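See below for the structure under consideration.
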Amino acid sequence: MEIIEQIKQKALEEHIPIIMDDTLQEVGKILEKIKPTKILEIGTAVGYSAIRFSKYLSENGYIDTIERDEERIIEAKQNIKNLNLESKIHIFEGDAVEILPTLNDKYDVVFIDAAKGKYPIFLNEALRMLADGGIIIADNVLYKGYVMSDYNKHKQRTAVRGLREFLKNLQENENLSTEILEVGDGLAISKKKC
Ligand code: SAH
Ligand code: MG
């Protein structure tokens, strides 16, 4: 089995919420078109999506990705090393809410895929660092249908509130044109107008 397939199978067995196949296909189409130089990812987990995205980078391109879970960071680093992608994927270790304000790069693509309750905060940081013509892609925005239904269990309330606010902010932002796809767990794609 290919290394990337092994990473995927292990993550699935361990219930790590890696990007779903149909979502990856959609993101892949977008990345293929823009051949980004810089991607920012919020939520590395074990590096699966970053590794998949890396093949679409332009020649000198790289990915900055943020993760706060220590065990996942160790595994992600190992996976990145095994695939010789250390020069292309850099992990920032810690809480994205604290790390994002310290970053000042301009990114062609920002992929938001971490704590759902924090999506509005992540959006503000993404907007600050998004290059003109850049794209913000956010995963799990429909959150298994909870975002669209009236009834939410206590456990999901923060996530649902965060996601609803995030989607509202996207749609009200005049600098963005946003599309929401019902692939996987819901994918929001927002392009910054030039
Ligand atoms: N993008 C990955 C999956 C990420 S799962 C892939 O598709 O392969 C979401 C990850 O975000 C988890 O590993 C979780 O630990 C991390 N996370 C959640 N909230 C975070 C935060 N505030 N800062 C940093 N990482 C966070
Ligand atoms: Mg996800």
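Going by the structure tokens order, chains are called A, B, ..., each with residues numbered from 1, while ligands are numbered from 1 in the order shown.
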
Taking only C-alpha atoms and all ligand atoms into account, which residues are within 7 Å of ligand 1, as a PyMOL selection string?
chain A and resi 16-19+42-50+66-69+72+94-97+113-115+118

Might you pull out every residue within 6 Å of Ser190 of chain A, with only C-alpha atoms counted and same-chain residues fewer than 6 positions away left off, and present them as a CSV table (one decimal) with C-alpha atoms, in the first residue's frame?
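Saved to result-v9.csv:
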```csv
chain,number,residue,atom,x,y,z
A,135,ILE,CA,-9.5,31.6,-1.6
A,136,ILE,CA,-10.7,30.6,1.9
A,176,LEU,CA,-15.9,37.7,-0.9
A,177,SER,CA,-18.0,35.6,-3.2
A,178,THR,CA,-19.0,32.4,-1.4
```

Per DSSP on the backbone, what are the strand (DSSP E) residues of segment 80-191 of chain A, as a tab-separated table (two decimals) with C-alpha atoms, in the first residue's frame?
```tsv
chain	number	residue	atom	x	y	z
A	89	ILE	CA	5.07	21.54	4.98
A	90	HIS	CA	5.79	23.45	8.16
A	91	ILE	CA	3.85	22.80	11.37
A	92	PHE	CA	3.18	25.55	13.89
A	93	GLU	CA	2.63	23.90	17.25
A	107	TYR	CA	-1.57	33.20	1.54
A	108	ASP	CA	-3.21	32.17	-1.73
A	109	VAL	CA	-5.35	29.61	0.04
A	110	VAL	CA	-6.46	29.29	3.66
A	111	PHE	CA	-7.98	25.94	4.65
A	112	ILE	CA	-9.98	26.14	7.88
A	130	LEU	CA	-5.48	36.39	2.27
A	131	ALA	CA	-3.79	37.50	-0.96
A	132	ASP	CA	-5.89	39.30	-3.59
A	133	GLY	CA	-7.74	36.69	-5.60
A	134	GLY	CA	-7.07	34.23	-2.78
A	135	ILE	CA	-9.50	31.58	-1.57
A	136	ILE	CA	-10.72	30.59	1.88
A	137	ILE	CA	-11.91	26.99	2.06
A	138	ALA	CA	-13.64	25.78	5.20
A	139	ASP	CA	-14.52	22.16	5.98
A	176	LEU	CA	-15.92	37.67	-0.92
A	177	SER	CA	-18.00	35.55	-3.22
A	178	THR	CA	-19.01	32.41	-1.40
A	179	GLU	CA	-20.31	29.06	-2.51
A	180	ILE	CA	-21.35	26.27	-0.15
A	181	LEU	CA	-21.07	22.72	-1.43
A	187	LEU	CA	-17.54	22.82	2.26
A	188	ALA	CA	-17.52	26.64	2.05
A	189	ILE	CA	-15.46	28.18	-0.74
A	190	SER	CA	-14.96	31.94	-0.64
A	191	LYS	CA	-13.02	33.81	-3.26
```

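Going from atom CA of Ser87 of chain A over to atom CA of Gln6 of chain A, you cover 21.6 Å.
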
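Among the candidates A:Glu70, A:Ile51, A:Asn124, A:Leu85, the residue lying nearest to Glu5 of chain A is A:Ile51 (atoms considered: only C-alpha atoms).
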
Need to verify the contact set: segment 29-31 of chain A, 10 Å, only C-alpha atoms, exclusion of same-chain residues closer than 2 positions in sequence. Can you return it as a PyMOL selection string?
chain A and resi 24-27+33-36+39+53-58+108-109+135+137+189

Between A:Ile7, A:Val160, A:Leu12, A:Met20, smallest distance to ligand 2 by only C-alpha atoms and all ligand atoms belongs to A:Met20

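Between atom CA of Lys168 of chain A and atom CA of Lys193 of chain A the interatomic distance comes to 17.8 Å.
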
Check the DSSP output for the backbone and give back, as JSON, numbers by chain, the residues of segment 16-93 of chain A in helix (DSSP H, G or I).
{"A": [21, 22, 23, 24, 25, 26, 27, 28, 29, 30, 31, 32, 33, 34, 48, 49, 50, 51, 52, 53, 54, 70, 71, 72, 73, 74, 75, 76, 77, 78, 79, 80, 81, 82]}

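For the atom pair formed by atom CA of Lys81 of chain A and atom CA of Ile3 of chain A, the distance is 11.3 Å, given to one decimal.
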
Would you mind telling me which residue in A:Asn79, A:Asn104, A:Asn140, A:Asn84 lies nearest to ligand 2 when using only C-alpha atoms and all ligand atoms?
A:Asn140

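Minimum distance to ligand 2 across A:Glu2, A:Glu13, A:Asp22, A:Asp150 (counting only C-alpha atoms and all ligand atoms) occurs at A:Asp22.
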